[in-house]
file data_17.cif (mmCIF, C-alpha atoms and all ligand atoms; chains and numbers go by the auth columns)
data_upload
#
loop_
_atom_site.group_PDB
_atom_site.id
_atom_site.type_symbol
_atom_site.label_atom_id
_atom_site.label_comp_id
_atom_site.label_asym_id
_atom_site.label_seq_id
_atom_site.Cartn_x
_atom_site.Cartn_y
_atom_site.Cartn_z
_atom_site.B_iso_or_equiv
_atom_site.auth_seq_id
_atom_site.auth_asym_id
ATOM 1 C CA MET A 1 -6.468 -17.590 11.564 0.00 12 K
ATOM 2 C CA ILE A 2 -9.848 -17.575 13.195 0.00 13 K
ATOM 3 C CA VAL A 3 -10.404 -21.305 13.568 0.00 14 K
ATOM 4 C CA ARG A 4 -8.405 -23.481 15.980 0.00 15 K
ATOM 5 C CA PRO A 5 -4.866 -24.268 14.710 0.00 16 K
ATOM 6 C CA THR A 6 -5.600 -28.006 14.796 0.00 17 K
ATOM 7 C CA ILE A 7 -8.647 -27.503 12.554 0.00 18 K
ATOM 8 C CA GLU A 8 -6.679 -25.178 10.258 0.00 19 K
ATOM 9 C CA ARG A 9 -3.948 -27.806 9.946 0.00 20 K
ATOM 10 C CA TYR A 10 -6.501 -30.564 9.309 0.00 21 K
ATOM 11 C CA ALA A 11 -8.144 -28.461 6.584 0.00 22 K
ATOM 12 C CA ARG A 12 -4.782 -27.815 4.938 0.00 23 K
ATOM 13 C CA ASP A 13 -3.761 -31.469 5.173 0.00 24 K
ATOM 14 C CA HIS A 14 -7.001 -32.553 3.465 0.00 25 K
ATOM 15 C CA THR A 15 -6.994 -29.891 0.753 0.00 26 K
ATOM 16 C CA THR A 16 -5.341 -30.618 -2.610 0.00 27 K
ATOM 17 C CA PRO A 17 -1.757 -29.486 -1.994 0.00 28 K
ATOM 18 C CA PRO A 18 -0.266 -26.460 -3.771 0.00 29 K
ATOM 19 C CA SER A 19 1.595 -27.126 -7.016 0.00 30 K
ATOM 20 C CA PRO A 20 5.421 -26.979 -7.102 0.00 31 K
ATOM 21 C CA LEU A 21 5.022 -23.517 -8.716 0.00 32 K
ATOM 22 C CA LEU A 22 2.977 -22.229 -5.760 0.00 33 K
ATOM 23 C CA GLU A 23 5.367 -23.873 -3.276 0.00 34 K
ATOM 24 C CA THR A 24 8.230 -21.966 -4.931 0.00 35 K
ATOM 25 C CA VAL A 25 6.317 -18.675 -4.845 0.00 36 K
ATOM 26 C CA ALA A 26 5.520 -19.228 -1.164 0.00 37 K
ATOM 27 C CA ALA A 27 9.141 -20.078 -0.328 0.00 38 K
ATOM 28 C CA THR A 28 10.487 -17.027 -2.175 0.00 39 K
ATOM 29 C CA THR A 29 7.912 -14.820 -0.502 0.00 40 K
ATOM 30 C CA GLU A 30 8.874 -16.160 2.942 0.00 41 K
ATOM 31 C CA GLN A 31 12.502 -15.200 2.215 0.00 42 K
ATOM 32 C CA ALA A 32 12.059 -11.922 0.344 0.00 43 K
ATOM 33 C CA ALA A 33 8.933 -10.207 1.594 0.00 44 K
ATOM 34 C CA GLU A 34 8.526 -8.254 4.804 0.00 45 K
ATOM 35 C CA HIS A 35 5.054 -9.643 5.588 0.00 46 K
ATOM 36 C CA PRO A 36 4.795 -13.106 4.012 0.00 47 K
ATOM 37 C CA GLU A 37 1.673 -13.765 6.086 0.00 48 K
ATOM 38 C CA MET A 38 -0.199 -11.551 3.588 0.00 49 K
ATOM 39 C CA MET A 39 -0.220 -14.489 1.121 0.00 50 K
ATOM 40 C CA THR A 40 -3.576 -16.231 0.870 0.00 51 K
ATOM 41 C CA GLY A 41 -1.830 -19.600 1.284 0.00 52 K
ATOM 42 C CA ALA A 42 -2.756 -23.184 0.510 0.00 53 K
ATOM 43 C CA VAL A 43 -6.402 -23.454 1.610 0.00 54 K
ATOM 44 C CA GLU A 44 -7.686 -20.071 0.456 0.00 55 K
ATOM 45 C CA GLY A 45 -5.635 -20.363 -2.733 0.00 56 K
ATOM 46 C CA ALA A 46 -7.285 -23.730 -3.398 0.00 57 K
ATOM 47 C CA LEU A 47 -10.709 -22.187 -2.721 0.00 58 K
ATOM 48 C CA LEU A 48 -10.037 -19.406 -5.252 0.00 59 K
ATOM 49 C CA ALA A 49 -8.904 -22.020 -7.768 0.00 60 K
ATOM 50 C CA MET A 50 -12.103 -23.986 -7.086 0.00 61 K
ATOM 51 C CA LEU A 51 -14.203 -20.856 -7.770 0.00 62 K
ATOM 52 C CA VAL A 52 -12.375 -20.372 -11.065 0.00 63 K
ATOM 53 C CA ALA A 53 -12.895 -24.010 -12.031 0.00 64 K
ATOM 54 C CA LEU A 54 -16.634 -23.790 -11.220 0.00 65 K
ATOM 55 C CA ARG A 55 -17.352 -20.329 -12.650 0.00 66 K
ATOM 56 C CA ARG A 56 -15.104 -20.754 -15.727 0.00 67 K
ATOM 57 C CA PRO A 57 -14.475 -17.001 -16.090 0.00 68 K
ATOM 58 C CA ARG A 58 -13.290 -15.264 -19.214 0.00 69 K
ATOM 59 C CA ARG A 59 -11.769 -12.377 -17.262 0.00 70 K
ATOM 60 C CA ILE A 60 -10.599 -12.183 -13.653 0.00 71 K
ATOM 61 C CA LEU A 61 -9.704 -9.029 -11.728 0.00 72 K
ATOM 62 C CA GLU A 62 -7.613 -9.031 -8.559 0.00 73 K
ATOM 63 C CA ILE A 63 -7.008 -6.050 -6.262 0.00 74 K
ATOM 64 C CA GLY A 64 -3.852 -6.677 -4.214 0.00 75 K
ATOM 65 C CA THR A 65 -1.232 -8.764 -6.031 0.00 76 K
ATOM 66 C CA PHE A 66 1.498 -8.910 -3.352 0.00 77 K
ATOM 67 C CA THR A 67 3.945 -11.547 -4.719 0.00 78 K
ATOM 68 C CA GLY A 68 1.458 -13.262 -7.017 0.00 79 K
ATOM 69 C CA TYR A 69 0.412 -16.285 -4.929 0.00 80 K
ATOM 70 C CA SER A 70 -3.358 -15.815 -5.255 0.00 81 K
ATOM 71 C CA ALA A 71 -3.105 -14.701 -8.906 0.00 82 K
ATOM 72 C CA LEU A 72 -1.150 -17.840 -9.777 0.00 83 K
ATOM 73 C CA SER A 73 -3.524 -20.011 -7.699 0.00 84 K
ATOM 74 C CA MET A 74 -6.396 -18.737 -9.852 0.00 85 K
ATOM 75 C CA ALA A 75 -4.334 -18.917 -13.055 0.00 86 K
ATOM 76 C CA GLU A 76 -3.721 -22.627 -12.558 0.00 87 K
ATOM 77 C CA ALA A 77 -7.489 -23.225 -12.823 0.00 88 K
ATOM 78 C CA MET A 78 -8.237 -20.743 -15.636 0.00 89 K
ATOM 79 C CA PRO A 79 -10.000 -22.172 -18.682 0.00 90 K
ATOM 80 C CA ALA A 80 -8.411 -21.633 -22.093 0.00 91 K
ATOM 81 C CA GLY A 81 -8.607 -18.021 -23.205 0.00 92 K
ATOM 82 C CA CYS A 82 -9.153 -16.602 -19.718 0.00 93 K
ATOM 83 C CA ARG A 83 -7.126 -13.525 -18.701 0.00 94 K
ATOM 84 C CA LEU A 84 -6.330 -12.125 -15.266 0.00 95 K
ATOM 85 C CA VAL A 85 -5.568 -8.484 -14.433 0.00 96 K
ATOM 86 C CA THR A 86 -4.070 -7.836 -10.999 0.00 97 K
ATOM 87 C CA LEU A 87 -3.558 -4.444 -9.361 0.00 98 K
ATOM 88 C CA GLU A 88 -0.685 -3.577 -7.024 0.00 99 K
ATOM 89 C CA ALA A 89 0.374 -0.225 -5.542 0.00 100 K
ATOM 90 C CA ASP A 90 3.770 -1.249 -4.131 0.00 101 K
ATOM 91 C CA ALA A 91 6.562 -1.296 -6.749 0.00 102 K
ATOM 92 C CA ARG A 92 8.614 -3.950 -4.895 0.00 103 K
ATOM 93 C CA HIS A 93 5.622 -6.256 -4.597 0.00 104 K
ATOM 94 C CA ALA A 94 4.721 -5.727 -8.255 0.00 105 K
ATOM 95 C CA ASP A 95 8.308 -6.476 -9.275 0.00 106 K
ATOM 96 C CA LEU A 96 8.454 -9.738 -7.307 0.00 107 K
ATOM 97 C CA ALA A 97 5.026 -10.770 -8.610 0.00 108 K
ATOM 98 C CA ARG A 98 6.116 -10.089 -12.196 0.00 109 K
ATOM 99 C CA ARG A 99 9.170 -12.296 -11.680 0.00 110 K
ATOM 100 C CA HIS A 100 7.022 -15.119 -10.295 0.00 111 K
ATOM 101 C CA ILE A 101 4.546 -14.758 -13.147 0.00 112 K
ATOM 102 C CA ALA A 102 7.319 -14.615 -15.769 0.00 113 K
ATOM 103 C CA ALA A 103 8.686 -17.913 -14.412 0.00 114 K
ATOM 104 C CA SER A 104 5.238 -19.541 -14.661 0.00 115 K
ATOM 105 C CA PRO A 105 3.353 -20.933 -17.698 0.00 116 K
ATOM 106 C CA TYR A 106 0.822 -18.055 -17.360 0.00 117 K
ATOM 107 C CA ALA A 107 3.016 -15.058 -18.253 0.00 118 K
ATOM 108 C CA ASP A 108 0.954 -14.221 -21.350 0.00 119 K
ATOM 109 C CA ARG A 109 -2.354 -14.462 -19.450 0.00 120 K
ATOM 110 C CA ILE A 110 -1.695 -12.359 -16.335 0.00 121 K
ATOM 111 C CA GLU A 111 -1.172 -8.604 -16.405 0.00 122 K
ATOM 112 C CA VAL A 112 0.142 -6.755 -13.336 0.00 123 K
ATOM 113 C CA ARG A 113 -1.007 -3.115 -13.296 0.00 124 K
ATOM 114 C CA GLU A 114 1.061 -1.019 -10.927 0.00 125 K
ATOM 115 C CA GLY A 115 -0.434 1.929 -9.029 0.00 126 K
ATOM 116 C CA PRO A 116 -3.176 2.700 -6.519 0.00 127 K
ATOM 117 C CA ALA A 117 -6.046 0.375 -7.377 0.00 128 K
ATOM 118 C CA LEU A 118 -8.756 3.039 -7.312 0.00 129 K
ATOM 119 C CA ASP A 119 -6.858 5.002 -9.989 0.00 130 K
ATOM 120 C CA THR A 120 -6.357 1.891 -12.135 0.00 131 K
ATOM 121 C CA LEU A 121 -9.970 0.792 -11.679 0.00 132 K
ATOM 122 C CA ALA A 122 -11.163 4.127 -13.059 0.00 133 K
ATOM 123 C CA GLY A 123 -9.534 3.256 -16.394 0.00 134 K
ATOM 124 C CA LEU A 124 -10.595 -0.408 -16.635 0.00 135 K
ATOM 125 C CA SER A 125 -13.443 -1.733 -18.766 0.00 136 K
ATOM 126 C CA GLY A 126 -15.553 -4.727 -17.847 0.00 137 K
ATOM 127 C CA PRO A 127 -16.954 -7.227 -17.807 0.00 138 K
ATOM 128 C CA PHE A 128 -15.103 -9.332 -15.234 0.00 139 K
ATOM 129 C CA ASP A 129 -16.601 -12.666 -14.192 0.00 140 K
ATOM 130 C CA LEU A 130 -14.628 -13.044 -10.974 0.00 141 K
ATOM 131 C CA VAL A 131 -13.076 -10.337 -8.794 0.00 142 K
ATOM 132 C CA PHE A 132 -10.834 -10.933 -5.771 0.00 143 K
ATOM 133 C CA ILE A 133 -10.431 -7.970 -3.390 0.00 144 K
ATOM 134 C CA ASP A 134 -7.426 -8.300 -1.062 0.00 145 K
ATOM 135 C CA ALA A 135 -5.818 -4.873 -0.503 0.00 146 K
ATOM 136 C CA ASP A 136 -6.081 -1.983 1.993 0.00 147 K
ATOM 137 C CA LYS A 137 -9.134 -2.429 4.171 0.00 148 K
ATOM 138 C CA PRO A 138 -10.194 1.223 4.540 0.00 149 K
ATOM 139 C CA SER A 139 -10.754 1.246 0.746 0.00 150 K
ATOM 140 C CA TYR A 140 -12.964 -1.854 0.630 0.00 151 K
ATOM 141 C CA ILE A 141 -16.273 -0.030 0.173 0.00 152 K
ATOM 142 C CA ARG A 142 -14.779 2.134 -2.584 0.00 153 K
ATOM 143 C CA PHE A 143 -13.219 -0.937 -4.219 0.00 154 K
ATOM 144 C CA LEU A 144 -16.590 -2.680 -4.282 0.00 155 K
ATOM 145 C CA GLU A 145 -18.347 0.413 -5.646 0.00 156 K
ATOM 146 C CA ALA A 146 -15.720 0.706 -8.393 0.00 157 K
ATOM 147 C CA VAL A 147 -15.894 -2.998 -9.207 0.00 158 K
ATOM 148 C CA LEU A 148 -19.675 -3.500 -9.393 0.00 159 K
ATOM 149 C CA PRO A 149 -20.110 -1.558 -12.670 0.00 160 K
ATOM 150 C CA LEU A 150 -17.363 -3.754 -14.166 0.00 161 K
ATOM 151 C CA LEU A 151 -18.929 -7.011 -12.961 0.00 162 K
ATOM 152 C CA ASP A 152 -20.652 -9.412 -15.348 0.00 163 K
ATOM 153 C CA PRO A 153 -24.336 -9.894 -14.350 0.00 164 K
ATOM 154 C CA LEU A 154 -23.443 -13.437 -13.250 0.00 165 K
ATOM 155 C CA GLY A 155 -20.118 -12.368 -11.764 0.00 166 K
ATOM 156 C CA VAL A 156 -18.803 -13.120 -8.286 0.00 167 K
ATOM 157 C CA VAL A 157 -16.764 -10.856 -6.012 0.00 168 K
ATOM 158 C CA ALA A 158 -14.618 -12.592 -3.378 0.00 169 K
ATOM 159 C CA VAL A 159 -13.464 -10.294 -0.567 0.00 170 K
ATOM 160 C CA ASP A 160 -10.667 -11.337 1.781 0.00 171 K
ATOM 161 C CA ASN A 161 -10.204 -10.558 5.486 0.00 172 K
ATOM 162 C CA VAL A 162 -13.847 -9.832 6.297 0.00 173 K
ATOM 163 C CA LEU A 163 -13.356 -11.357 9.775 0.00 174 K
ATOM 164 C CA HIS A 164 -10.008 -9.613 10.234 0.00 175 K
ATOM 165 C CA PHE A 165 -11.306 -7.769 13.315 0.00 176 K
ATOM 166 C CA ALA A 166 -11.460 -11.122 15.118 0.00 177 K
ATOM 167 C CA ILE A 167 -7.674 -11.558 14.951 0.00 178 K
ATOM 168 C CA THR A 168 -6.193 -8.073 15.096 0.00 179 K
ATOM 169 C CA PRO A 169 -6.516 -5.193 17.505 0.00 180 K
ATOM 170 C CA ASP A 170 -5.835 -2.680 14.676 0.00 181 K
ATOM 171 C CA ALA A 171 -8.752 -0.349 15.301 0.00 182 K
ATOM 172 C CA THR A 172 -8.703 1.396 11.909 0.00 183 K
ATOM 173 C CA ASP A 173 -8.783 -1.819 9.901 0.00 184 K
ATOM 174 C CA ALA A 174 -11.304 -3.436 12.256 0.00 185 K
ATOM 175 C CA ALA A 175 -13.668 -0.470 11.929 0.00 186 K
ATOM 176 C CA ALA A 176 -13.198 -0.433 8.144 0.00 187 K
ATOM 177 C CA ILE A 177 -14.035 -4.119 7.842 0.00 188 K
ATOM 178 C CA GLU A 178 -17.085 -3.826 10.064 0.00 189 K
ATOM 179 C CA ALA A 179 -18.259 -0.841 7.996 0.00 190 K
ATOM 180 C CA PHE A 180 -17.719 -2.831 4.797 0.00 191 K
ATOM 181 C CA ASN A 181 -19.629 -5.859 6.064 0.00 192 K
ATOM 182 C CA ALA A 182 -22.504 -3.637 7.220 0.00 193 K
ATOM 183 C CA TYR A 183 -22.489 -1.826 3.861 0.00 194 K
ATOM 184 C CA VAL A 184 -22.782 -5.073 1.893 0.00 195 K
ATOM 185 C CA ALA A 185 -25.532 -6.334 4.221 0.00 196 K
ATOM 186 C CA SER A 186 -27.469 -3.085 3.657 0.00 197 K
ATOM 187 C CA ARG A 187 -27.542 -3.514 -0.131 0.00 198 K
ATOM 188 C CA ALA A 188 -30.695 -5.302 -1.184 0.00 199 K
ATOM 189 C CA ASP A 189 -29.280 -5.730 -4.699 0.00 200 K
ATOM 190 C CA LEU A 190 -26.488 -8.016 -3.450 0.00 201 K
ATOM 191 C CA VAL A 191 -26.426 -11.546 -2.042 0.00 202 K
ATOM 192 C CA GLN A 192 -23.473 -12.568 0.104 0.00 203 K
ATOM 193 C CA VAL A 193 -22.046 -15.317 2.290 0.00 204 K
ATOM 194 C CA VAL A 194 -19.214 -15.069 4.826 0.00 205 K
ATOM 195 C CA LEU A 195 -16.915 -18.093 4.972 0.00 206 K
ATOM 196 C CA THR A 196 -14.708 -18.651 8.028 0.00 207 K
ATOM 197 C CA VAL A 197 -11.725 -19.492 5.834 0.00 208 K
ATOM 198 C CA ARG A 198 -8.419 -17.992 6.992 0.00 209 K
ATOM 199 C CA ALA A 199 -9.303 -14.397 8.053 0.00 210 K
ATOM 200 C CA GLY A 200 -12.793 -14.614 6.531 0.00 211 K
ATOM 201 C CA LEU A 201 -13.778 -14.641 2.856 0.00 212 K
ATOM 202 C CA MET A 202 -17.024 -13.036 1.647 0.00 213 K
ATOM 203 C CA LEU A 203 -18.554 -14.114 -1.668 0.00 214 K
ATOM 204 C CA ILE A 204 -20.883 -11.569 -3.244 0.00 215 K
ATOM 205 C CA ARG A 205 -23.126 -11.731 -6.307 0.00 216 K
ATOM 206 C CA ARG A 206 -25.979 -9.652 -7.639 0.00 217 K
ATOM 207 C CA ALA A 207 -29.435 -10.627 -6.370 0.00 218 K
ATOM 208 C CA ASP A 208 -31.592 -12.349 -9.023 0.00 219 K
HETATM 209 C C1 LIG B . -2.821 -8.972 1.559 0.00 301 H
HETATM 210 S S1 LIG B . -1.740 -8.486 0.283 0.00 301 H
HETATM 211 C C2 LIG B . -2.351 -9.379 -1.113 0.00 301 H
HETATM 212 C C3 LIG B . -2.015 -10.837 -1.045 0.00 301 H
HETATM 213 C C4 LIG B . -2.209 -11.551 -2.354 0.00 301 H
HETATM 214 N N1 LIG B . -3.591 -11.463 -2.805 0.00 301 H
HETATM 215 C C5 LIG B . -1.776 -12.999 -2.182 0.00 301 H
HETATM 216 O O1 LIG B . -2.595 -13.822 -1.817 0.00 301 H
HETATM 217 O O2 LIG B . -0.598 -13.287 -2.341 0.00 301 H
HETATM 218 C C6 LIG B . -2.289 -6.855 -0.104 0.00 301 H
HETATM 219 C C7 LIG B . -1.535 -6.209 -1.240 0.00 301 H
HETATM 220 O O3 LIG B . -2.299 -5.088 -1.680 0.00 301 H
HETATM 221 C C8 LIG B . -1.434 -4.021 -1.939 0.00 301 H
HETATM 222 N N2 LIG B . -2.240 -2.804 -1.787 0.00 301 H
HETATM 223 C C9 LIG B . -2.680 -2.254 -0.626 0.00 301 H
HETATM 224 N N3 LIG B . -3.454 -1.195 -0.893 0.00 301 H
HETATM 225 C C10 LIG B . -3.519 -1.075 -2.244 0.00 301 H
HETATM 226 C C11 LIG B . -4.169 -0.180 -3.126 0.00 301 H
HETATM 227 N N4 LIG B . -4.928 0.810 -2.677 0.00 301 H
HETATM 228 N N5 LIG B . -4.004 -0.363 -4.454 0.00 301 H
HETATM 229 C C12 LIG B . -3.257 -1.394 -4.921 0.00 301 H
HETATM 230 N N6 LIG B . -2.617 -2.264 -4.134 0.00 301 H
HETATM 231 C C13 LIG B . -2.743 -2.119 -2.818 0.00 301 H
HETATM 232 C C14 LIG B . -0.310 -4.169 -0.920 0.00 301 H
HETATM 233 O O4 LIG B . 0.869 -3.505 -1.358 0.00 301 H
HETATM 234 C C15 LIG B . -0.157 -5.676 -0.850 0.00 301 H
HETATM 235 O O5 LIG B . 0.807 -6.128 -1.768 0.00 301 H
#
call {"tool": "encode", "arguments": {"input": "data_17.cif", "output": "structure tokens", "more": "lines below"}}
Ligand SMILES: C[S@@+](CC[C@H](N)C(=O)[O-])C[C@H]1O[C@@H](n2cnc3c(N)ncnc32)[C@H](O)[C@@H]1O
result
Amino acid sequence: MIVRPTIERYARDHTTPPSPLLETVAATTEQAAEHPEMMTGAVEGALLAMLVALRRPRRILEIGTFTGYSALSMAEAMPAGCRLVTLEADARHADLARRHIAASPYADRIEVREGPALDTLAGLSGPFDLVFIDADKPSYIRFLEAVLPLLDPLGVVAVDNVLHFAITPDATDAAAIEAFNAYVASRADLVQVVLTVRAGLMLIRRAD
């Protein structure tokens, strides 16, 4: 968290609470996963759901499934006919996510693709209307470069952890995030905003 804990708590307490489905996913993740803190959680999950409700995408792409919390947060707001593809390299994470998705009402609308995301991205066709990037930070620039050709002209890319360097001393990740943020800022064809939600969320779209 990068904002004061009291503010974080206030934000969570005044955000529409997670559904029973998301509460169950969070509880299972807390018990079963080694790093449950990787979940986006209630406030960022609600923000992703809000983006889905506003943008009304036909196709959503996620990079970094973990146990399915953010995918299911978005799925709950998907309009009829919308599909979500989520990419996960870790077999145990993919397995747990598949179980959570299978137990949800969205099993026929979410596809978990297992394997390194850059490999999977090379075989995907667009367009995607909304993309959520939340995987290994040193790959962020390559993820964005792989995603942009698949993005609908009016599409939005949401990128998690862009203020990660403010809360961790991990030098490799911090340098990667700073390089990513500088890269996006250097691209005149993109418009972006950095939100101080959780560990920082950047929203990117193509310039008009
Ligand atoms: C921060 S977690 C994602 C959290 C998830 N979006 C949520 O809110 O529940 C990052 C996930 O990305 C996966 N991952 C990391 N690098 C990856 C890569 N190159 N390709 C695919 N998945 C990757 C990790 O195994 C981990 O499950």
call {"tool": "residues_near_ligand", "arguments": {"input": "data_17.cif", "ligand": "ligand LIG 301 (chain H)", "cutoff": "7 Å", "atoms": "only C-alpha atoms and all ligand atoms", "output": "PyMOL selection string"}}
result
chain K and resi 49-52+74-82+98-101+104+126-129+145-147+150
call {"tool": "atom_distance", "arguments": {"input": "data_17.cif", "atom1": "atom CA of Pro138 of chain K", "atom2": "atom CA of Arg217 of chain K"}}
result
13.8 Å
call {"tool": "atom_distance", "arguments": {"input": "data_17.cif", "atom1": "atom CA of Leu155 of chain K", "atom2": "atom CA of Pro68 of chain K"}}
result
18.7 Å
call {"tool": "resolve_selection", "arguments": {"input": "data_17.cif", "expression": "the PyMOL selection byres (((chain K and resi 170) around 6) and not hetatm)", "output": "PyMOL selection string"}}
result
chain K and resi 143-144+169+171+212-213
call {"tool": "resolve_selection", "arguments": {"input": "data_17.cif", "expression": "the PyMOL selection byres (((chain K and resi 201) around 9) and not hetatm)", "output": "list in words"}}
result
Val195, Ala196, Ser197, Arg198, Ala199, Asp200, Val202, Gln203, Ile215, Arg216, Arg217, Ala218 and Asp219 of chain K
call {"tool": "residues_around", "arguments": {"input": "data_17.cif", "residues": "segment 24-26 of chain K", "least_positions_apart": "6", "cutoff": "8 Å", "atoms": "all atoms listed in the file", "output": "list in words"}}
result
Ala53, Val54 and Ala57 of chain K
call {"tool": "closest_residue", "arguments": {"input": "data_17.cif", "among": "K:Leu159, K:Val168, K:Arg70, K:Ala38", "to": "Ile121 of chain K", "atoms": "all atoms listed in the file"}}
result
K:Arg70
call {"tool": "closest_residue", "arguments": {"input": "data_17.cif", "among": "K:Val63, K:Val204, K:Leu72, K:Ala37", "to": "Val142 of chain K", "atoms": "all atoms listed in the file"}}
result
K:Leu72
call {"tool": "resolve_selection", "arguments": {"input": "data_17.cif", "expression": "the PyMOL selection byres (((chain K and resi 115) around 12) and not hetatm)", "output": "list in words"}}
result
Ser30, Pro31, Leu32, Leu33, Thr35, Val36, Gly79, Tyr80, Ala82, Leu83, Ser84, Ala86, Glu87, Ala108, Arg109, Arg110, His111, Ile112, Ala113, Ala114, Pro116, Tyr117, Ala118, Asp119, Arg120 and Ile121 of chain K
call {"tool": "atom_distance", "arguments": {"input": "data_17.cif", "atom1": "atom CA of Leu95 of chain K", "atom2": "atom CA of Val123 of chain K"}}
result
8.6 Å
call {"tool": "residues_around", "arguments": {"input": "data_17.cif", "residues": "Pro160 of chain K", "least_positions_apart": "6", "cutoff": "10 Å", "atoms": "all atoms listed in the file", "output": "ChimeraX atom specification"}}
result
/K:136-139
call {"tool": "closest_residue", "arguments": {"input": "data_17.cif", "among": "K:Arg23, K:Lys148, K:His46, K:Arg69", "to": "Asp184 of chain K", "atoms": "only C-alpha atoms"}}
result
K:Lys148
call {"tool": "closest_residue", "arguments": {"input": "data_17.cif", "among": "K:Phe191, K:Glu55, K:Ala60, K:Glu45", "to": "Gly211 of chain K", "atoms": "only C-alpha atoms"}}
result
K:Glu55
call {"tool": "residues_near_point", "arguments": {"input": "data_17.cif", "point": "(-15.7, -3.4, 2.8)", "cutoff": "7 Å", "atoms": "only C-alpha atoms", "output": "list in words"}}
result
Lys148, Tyr151, Ile152, Ala187, Ile188, Ala190, Phe191 and Asn192 of chain K
call {"tool": "closest_residue", "arguments": {"input": "data_17.cif", "among": "K:Thr17, K:Thr40, K:Thr27, K:Thr131", "to": "Met61 of chain K", "atoms": "all atoms listed in the file"}}
result
K:Thr27
call {"tool": "closest_residue", "arguments": {"input": "data_17.cif", "among": "K:Gly166, K:Pro28, K:Arg94, K:Val158", "to": "Leu62 of chain K", "atoms": "all atoms listed in the file"}}
result
K:Gly166
call {"tool": "residues_around", "arguments": {"input": "data_17.cif", "residues": "Ala210 of chain K", "least_positions_apart": "5", "cutoff": "8 Å", "atoms": "all atoms listed in the file", "output": "ChimeraX atom specification"}}
result
/K:12-13,171-175,178
call {"tool": "build_atoms", "arguments": {"input": "data_17.cif", "residues": "segment 70-74 of chain K", "atoms": "all heavy atoms", "output": "PDB file, in the coordinates of the input"}}
result
ATOM      1  N   ARG K  70     -12.686 -13.409 -17.784  1.00  0.00           N
ATOM      2  CA  ARG K  70     -11.769 -12.377 -17.262  1.00  0.00           C
ATOM      3  C   ARG K  70     -11.863 -12.344 -15.741  1.00  0.00           C
ATOM      4  O   ARG K  70     -12.973 -12.370 -15.175  1.00  0.00           O
ATOM      5  CB  ARG K  70     -12.117 -11.002 -17.839  1.00  0.00           C
ATOM      6  CG  ARG K  70     -11.842 -10.909 -19.333  1.00  0.00           C
ATOM      7  CD  ARG K  70     -12.232  -9.537 -19.829  1.00  0.00           C
ATOM      8  NE  ARG K  70     -11.262  -8.527 -19.508  1.00  0.00           N
ATOM      9  CZ  ARG K  70     -11.563  -7.252 -19.264  1.00  0.00           C
ATOM     10  NH1 ARG K  70     -12.816  -6.845 -19.281  1.00  0.00           N
ATOM     11  NH2 ARG K  70     -10.617  -6.368 -18.990  1.00  0.00           N
ATOM     12  N   ILE K  71     -10.700 -12.257 -15.118  1.00  0.00           N
ATOM     13  CA  ILE K  71     -10.599 -12.183 -13.653  1.00  0.00           C
ATOM     14  C   ILE K  71      -9.880 -10.883 -13.303  1.00  0.00           C
ATOM     15  O   ILE K  71      -8.906 -10.500 -13.965  1.00  0.00           O
ATOM     16  CB  ILE K  71      -9.789 -13.378 -13.090  1.00  0.00           C
ATOM     17  CG1 ILE K  71     -10.445 -14.709 -13.481  1.00  0.00           C
ATOM     18  CG2 ILE K  71      -9.633 -13.271 -11.570  1.00  0.00           C
ATOM     19  CD1 ILE K  71      -9.596 -15.937 -13.137  1.00  0.00           C
ATOM     20  N   LEU K  72     -10.358 -10.241 -12.242  1.00  0.00           N
ATOM     21  CA  LEU K  72      -9.704  -9.029 -11.728  1.00  0.00           C
ATOM     22  C   LEU K  72      -9.303  -9.288 -10.284  1.00  0.00           C
ATOM     23  O   LEU K  72     -10.103  -9.813  -9.496  1.00  0.00           O
ATOM     24  CB  LEU K  72     -10.687  -7.852 -11.791  1.00  0.00           C
ATOM     25  CG  LEU K  72     -10.240  -6.542 -11.142  1.00  0.00           C
ATOM     26  CD1 LEU K  72      -9.013  -5.950 -11.847  1.00  0.00           C
ATOM     27  CD2 LEU K  72     -11.391  -5.535 -11.150  1.00  0.00           C
ATOM     28  N   GLU K  73      -8.072  -8.922  -9.953  1.00  0.00           N
ATOM     29  CA  GLU K  73      -7.613  -9.031  -8.559  1.00  0.00           C
ATOM     30  C   GLU K  73      -7.137  -7.662  -8.094  1.00  0.00           C
ATOM     31  O   GLU K  73      -6.426  -6.975  -8.810  1.00  0.00           O
ATOM     32  CB  GLU K  73      -6.461 -10.039  -8.456  1.00  0.00           C
ATOM     33  CG  GLU K  73      -5.865 -10.115  -7.052  1.00  0.00           C
ATOM     34  CD  GLU K  73      -4.729 -11.130  -6.960  1.00  0.00           C
ATOM     35  OE1 GLU K  73      -3.655 -10.882  -7.544  1.00  0.00           O
ATOM     36  OE2 GLU K  73      -4.929 -12.168  -6.320  1.00  0.00           O
ATOM     37  N   ILE K  74      -7.507  -7.292  -6.868  1.00  0.00           N
ATOM     38  CA  ILE K  74      -7.008  -6.050  -6.262  1.00  0.00           C
ATOM     39  C   ILE K  74      -6.120  -6.457  -5.093  1.00  0.00           C
ATOM     40  O   ILE K  74      -6.616  -6.976  -4.085  1.00  0.00           O
ATOM     41  CB  ILE K  74      -8.176  -5.152  -5.798  1.00  0.00           C
ATOM     42  CG1 ILE K  74      -9.122  -4.854  -6.958  1.00  0.00           C
ATOM     43  CG2 ILE K  74      -7.638  -3.862  -5.185  1.00  0.00           C
ATOM     44  CD1 ILE K  74     -10.354  -4.039  -6.569  1.00  0.00           C
TER      45      ILE K  74
END
